[in-house]
Amino acid sequence: MANGRGGARPGAGRKKKPLAEKLLEGNRSREQITRLVFETGEMRGEDMPPVAEYLKQKTKNTTTNIAPQIYEETWKWLNDRKCANLIKKELLEQYALNIARWIQCEEGINQFGLLAKHPTTNMPIASPYVSMGINFLKQANIIWSQIFQIVKENCQEPVSNDPNDDIMERILSGRL
(Lines give C-alpha, C1' and ligand atoms only; values in the text may rest on other atoms or scores of the structure.)
Protein backbone atom coordinates (compact mmCIF):
# COMPACT_ATOMS: atom_id res chain seq x y z
CA MET A 1 0.00 0.00 0.00
CA ALA A 2 1.04 3.57 -0.51
CA ASN A 3 1.26 4.50 3.16
CA GLY A 4 2.77 1.20 4.34
CA ARG A 5 -0.17 0.22 6.54
CA GLY A 6 -1.60 -2.66 4.54
CA GLY A 7 -0.65 -6.27 4.25
CA ALA A 8 -0.03 -9.12 6.61
CA ARG A 9 1.17 -8.43 10.11
CA PRO A 10 3.45 -10.62 12.16
CA GLY A 11 1.57 -12.69 14.71
CA ALA A 12 -1.79 -12.15 13.00
CA GLY A 13 -4.05 -15.08 12.21
CA ARG A 14 -4.85 -18.38 13.82
CA LYS A 15 -2.23 -19.87 16.11
CA LYS A 16 -0.64 -23.19 15.16
CA LYS A 17 -1.94 -26.27 16.92
CA PRO A 18 0.58 -28.25 18.92
CA LEU A 19 1.88 -31.40 17.23
CA ALA A 20 0.49 -33.62 19.99
CA GLU A 21 -3.02 -32.22 19.40
CA LYS A 22 -2.78 -32.84 15.66
CA LEU A 23 -1.73 -36.43 16.28
CA LEU A 24 -4.54 -37.00 18.81
CA GLU A 25 -7.23 -35.59 16.49
CA GLY A 26 -6.09 -37.66 13.53
CA ASN A 27 -5.31 -34.75 11.19
CA ARG A 28 -8.85 -33.70 10.23
CA SER A 29 -7.64 -31.05 7.80
CA ARG A 30 -5.76 -33.66 5.73
CA GLU A 31 -2.79 -31.33 5.56
CA GLN A 32 0.59 -32.91 5.80
CA ILE A 33 1.83 -32.74 9.39
CA THR A 34 5.32 -31.31 9.58
CA ARG A 35 7.42 -33.14 12.10
CA LEU A 36 11.14 -32.76 12.65
CA VAL A 37 12.76 -36.12 11.97
CA PHE A 38 16.41 -36.91 12.51
CA GLU A 39 18.40 -39.83 11.20
CA THR A 40 18.68 -42.24 14.11
CA GLY A 41 21.64 -44.07 12.62
CA GLU A 42 24.03 -41.15 13.02
CA MET A 43 22.59 -39.73 16.23
CA ARG A 44 23.65 -41.08 19.56
CA GLY A 45 22.50 -40.12 23.00
CA GLU A 46 24.36 -37.04 24.17
CA ASP A 47 24.67 -35.77 27.67
CA MET A 48 23.81 -32.24 28.58
CA PRO A 49 26.09 -29.70 26.90
CA PRO A 50 28.62 -28.36 29.39
CA VAL A 51 27.67 -25.21 31.26
CA ALA A 52 29.52 -22.20 29.86
CA GLU A 53 32.22 -20.68 32.04
CA TYR A 54 30.59 -17.24 32.15
CA LEU A 55 27.52 -18.82 33.78
CA LYS A 56 29.67 -20.33 36.54
CA GLN A 57 31.45 -17.11 37.49
CA LYS A 58 30.46 -15.64 40.83
CA THR A 59 28.71 -12.29 40.62
CA LYS A 60 29.85 -9.56 42.97
CA ASN A 61 27.78 -9.15 46.17
CA THR A 62 25.94 -12.47 45.83
CA THR A 63 26.12 -15.52 48.02
CA THR A 64 25.68 -18.15 45.30
CA ASN A 65 25.40 -18.24 41.54
CA ILE A 66 22.41 -20.37 40.58
CA ALA A 67 22.62 -19.88 36.79
CA PRO A 68 24.28 -23.31 36.25
CA GLN A 69 21.54 -24.96 38.30
CA ILE A 70 18.79 -23.24 36.28
CA TYR A 71 20.55 -24.23 33.04
CA GLU A 72 20.72 -27.90 34.12
CA GLU A 73 17.11 -28.04 35.35
CA THR A 74 15.80 -26.46 32.15
CA TRP A 75 17.87 -28.82 30.00
CA LYS A 76 16.55 -31.84 31.97
CA TRP A 77 12.98 -30.57 31.49
CA LEU A 78 13.60 -30.30 27.74
CA ASN A 79 15.34 -33.67 27.62
CA ASP A 80 12.38 -35.36 29.36
CA ARG A 81 10.19 -34.10 26.52
CA LYS A 82 12.75 -35.19 23.89
CA CYS A 83 13.19 -31.61 22.69
CA ALA A 84 16.64 -30.79 24.11
CA ASN A 85 18.26 -31.20 20.70
CA LEU A 86 15.91 -28.58 19.17
CA ILE A 87 16.92 -25.72 21.47
CA LYS A 88 20.17 -23.86 20.90
CA LYS A 89 22.60 -23.94 23.81
CA GLU A 90 22.93 -20.14 23.71
CA LEU A 91 19.18 -19.68 24.16
CA LEU A 92 19.25 -21.86 27.28
CA GLU A 93 22.25 -19.93 28.60
CA GLN A 94 20.47 -16.60 28.08
CA TYR A 95 17.39 -17.90 29.89
CA ALA A 96 19.40 -19.22 32.84
CA LEU A 97 21.41 -16.01 33.13
CA ASN A 98 18.33 -13.76 33.06
CA ILE A 99 16.51 -15.83 35.69
CA ALA A 100 19.61 -15.88 37.92
CA ARG A 101 20.02 -12.11 37.63
CA TRP A 102 16.33 -11.55 38.37
CA ILE A 103 16.73 -13.62 41.53
CA GLN A 104 19.81 -11.56 42.46
CA CYS A 105 17.75 -8.37 42.06
CA GLU A 106 15.05 -9.83 44.29
CA GLU A 107 17.72 -10.63 46.89
CA GLY A 108 18.92 -7.01 46.64
CA ILE A 109 15.37 -5.75 47.18
CA ASN A 110 15.00 -8.02 50.22
CA GLN A 111 18.33 -6.84 51.63
CA PHE A 112 18.12 -3.10 50.93
CA GLY A 113 14.36 -2.47 50.58
CA LEU A 114 12.23 -0.85 47.92
CA LEU A 115 13.58 2.65 48.54
CA ALA A 116 17.07 4.05 48.07
CA LYS A 117 18.68 7.40 48.76
CA HIS A 118 19.45 9.71 45.85
CA PRO A 119 23.24 10.24 45.71
CA THR A 120 23.15 14.05 45.45
CA THR A 121 19.86 15.17 47.01
CA ASN A 122 19.59 12.43 49.65
CA MET A 123 15.86 12.23 48.85
CA PRO A 124 14.19 8.81 48.72
CA ILE A 125 13.96 7.23 45.26
CA ALA A 126 12.83 3.86 43.99
CA SER A 127 15.47 1.17 44.35
CA PRO A 128 17.34 0.48 41.09
CA TYR A 129 17.00 -3.24 41.84
CA VAL A 130 13.26 -3.00 41.11
CA SER A 131 13.62 -1.74 37.53
CA MET A 132 16.57 -4.05 36.83
CA GLY A 133 14.58 -7.01 38.14
CA ILE A 134 11.61 -6.14 35.95
CA ASN A 135 13.87 -5.97 32.88
CA PHE A 136 15.57 -9.29 33.63
CA LEU A 137 12.23 -11.01 34.24
CA LYS A 138 10.77 -9.58 31.03
CA GLN A 139 13.75 -10.85 29.02
CA ALA A 140 13.53 -14.27 30.69
CA ASN A 141 9.81 -14.53 29.88
CA ILE A 142 10.43 -13.66 26.23
CA ILE A 143 13.15 -16.29 25.96
CA TRP A 144 10.97 -18.86 27.78
CA SER A 145 8.15 -18.17 25.31
CA GLN A 146 10.51 -18.94 22.43
CA ILE A 147 11.71 -22.14 24.08
CA PHE A 148 8.21 -23.31 24.97
CA GLN A 149 6.88 -22.56 21.48
CA ILE A 150 9.50 -24.91 20.02
CA VAL A 151 8.58 -27.58 22.57
CA LYS A 152 4.84 -27.17 21.96
CA GLU A 153 5.18 -27.39 18.18
CA ASN A 154 7.51 -30.40 18.18
CA CYS A 155 6.68 -32.53 21.22
CA GLN A 156 4.69 -35.62 20.23
CA GLU A 157 3.09 -36.09 23.66
CA PRO A 158 0.92 -33.42 25.26
CA VAL A 159 3.17 -31.14 27.26
CA SER A 160 2.58 -31.72 30.95
CA ASN A 161 3.86 -29.62 33.84
CA ASP A 162 3.51 -26.54 31.69
CA PRO A 163 4.24 -23.51 33.87
CA ASN A 164 2.25 -21.33 31.49
CA ASP A 165 -0.83 -23.57 31.52
CA ASP A 166 -3.96 -21.53 32.20
CA ILE A 167 -6.10 -23.03 34.95
CA MET A 168 -9.35 -21.68 33.44
CA GLU A 169 -8.55 -23.31 30.09
CA ARG A 170 -8.07 -26.64 31.83
CA ILE A 171 -11.32 -26.26 33.78
CA LEU A 172 -13.36 -25.32 30.71
CA SER A 173 -11.91 -28.07 28.52
CA GLY A 174 -12.52 -30.69 31.22
CA ARG A 175 -8.84 -31.60 31.62
CA LEU A 176 -8.74 -30.75 35.33
# chains A, B, ... in the order shown; residues from 1 in each chain; ligands from 1
$ residues_around --residues "A:Met48" --least-positions-apart "2" --cutoff "12 Å" --atoms "only C-alpha atoms" --output "list of chain:residue names"
A:Gly45, A:Glu46, A:Pro50, A:Val51, A:Ala52, A:Pro68, A:Tyr71, A:Glu72, A:Glu73, A:Thr74, A:Trp75, A:Lys76, A:Trp77, A:Leu78, A:Asn79, A:Asp80, A:Ala84, A:Asn85, A:Ile87, A:Lys88, A:Lys89, A:Leu92
$ residues_around --residues "A:Thr64" --least-positions-apart "6" --cutoff "10 Å" --atoms "only C-alpha atoms" --output "PDB file with N, CA, C and O atoms, in the first residue's frame"
ATOM      1  N   LYS A  56      29.166 -19.817  35.259  1.00  0.00           N
ATOM      2  CA  LYS A  56      29.671 -20.325  36.536  1.00  0.00           C
ATOM      3  C   LYS A  56      30.344 -19.248  37.385  1.00  0.00           C
ATOM      4  O   LYS A  56      30.529 -19.433  38.577  1.00  0.00           O
ATOM      5  N   GLN A  57      30.724 -18.146  36.764  1.00  0.00           N
ATOM      6  CA  GLN A  57      31.453 -17.112  37.495  1.00  0.00           C
ATOM      7  C   GLN A  57      30.572 -16.489  38.572  1.00  0.00           C
ATOM      8  O   GLN A  57      29.387 -16.250  38.372  1.00  0.00           O
ATOM      9  N   LYS A  58      31.184 -16.219  39.711  1.00  0.00           N
ATOM     10  CA  LYS A  58      30.462 -15.637  40.831  1.00  0.00           C
ATOM     11  C   LYS A  58      30.251 -14.139  40.566  1.00  0.00           C
ATOM     12  O   LYS A  58      31.151 -13.431  40.154  1.00  0.00           O
ATOM     13  N   ALA A 100      18.681 -16.029  36.786  1.00  0.00           N
ATOM     14  CA  ALA A 100      19.607 -15.883  37.917  1.00  0.00           C
ATOM     15  C   ALA A 100      19.765 -14.411  38.303  1.00  0.00           C
ATOM     16  O   ALA A 100      19.782 -14.077  39.489  1.00  0.00           O
ATOM     17  N   GLN A 104      18.845 -12.419  41.759  1.00  0.00           N
ATOM     18  CA  GLN A 104      19.812 -11.558  42.460  1.00  0.00           C
ATOM     19  C   GLN A 104      19.199 -10.192  42.743  1.00  0.00           C
ATOM     20  O   GLN A 104      19.422  -9.620  43.818  1.00  0.00           O
TER      21      GLN A 104
END
$ closest_residue --among "A:Arg5, A:Ala96, A:Glu21, A:Lys82" --to "A:Asn141" --atoms "only C-alpha atoms"
A:Ala96
$ residues_around --residues "A:Lys16" --least-positions-apart "5" --cutoff "12 Å" --atoms "only C-alpha atoms" --output "ChimeraX atom specification"
/A:11,21-22,33-34,149-150,152-154
$ residues_around --residues "stretch 124-128 of chain A" --least-positions-apart "4" --cutoff "12 Å" --atoms "only C-alpha atoms" --output "MDAnalysis selection string"
chainID A and resid 105:106 108:120 132:135
$ residues_around --residues "A:Gln156" --least-positions-apart "3" --cutoff "8 Å" --atoms "only C-alpha atoms" --output "VMD selection string"
chain A and resid 19 to 20 23
$ write_last_selection --atoms "N, CA and C atoms" --output "mmCIF file, in the first residue's frame"
data_model
loop_
_atom_site.group_PDB
_atom_site.id
_atom_site.type_symbol
_atom_site.label_atom_id
_atom_site.label_comp_id
_atom_site.auth_asym_id
_atom_site.auth_seq_id
_atom_site.Cartn_x
_atom_site.Cartn_y
_atom_site.Cartn_z
ATOM 1 N N LEU A 19 1.749 -30.142 17.944
ATOM 2 C CA LEU A 19 1.882 -31.398 17.226
ATOM 3 C C LEU A 19 1.119 -32.513 17.927
ATOM 4 N N ALA A 20 1.173 -32.559 19.242
ATOM 5 C CA ALA A 20 0.489 -33.620 19.985
ATOM 6 C C ALA A 20 -1.020 -33.562 19.746
ATOM 7 N N LEU A 23 -1.814 -34.977 16.299
ATOM 8 C CA LEU A 23 -1.726 -36.433 16.284
ATOM 9 C C LEU A 23 -2.914 -37.077 16.987
#
$ closest_residue --among "A:Cys83, A:Ser131, A:Leu91, A:Gln69" --to "A:Ser145" --atoms "only C-alpha atoms"
A:Leu91
$ select_by_dssp --residues "stretch 41-168 of chain A" --states "helix (DSSP H, G or I)" --output "number ranges by chain"
A: 53-56, 67-80, 84-86, 89-112, 128-154, 167-168
$ atom_distance --atom1 "atom CA of A:Ile147" --atom2 "atom CA of A:Tyr95"
9.2 Å
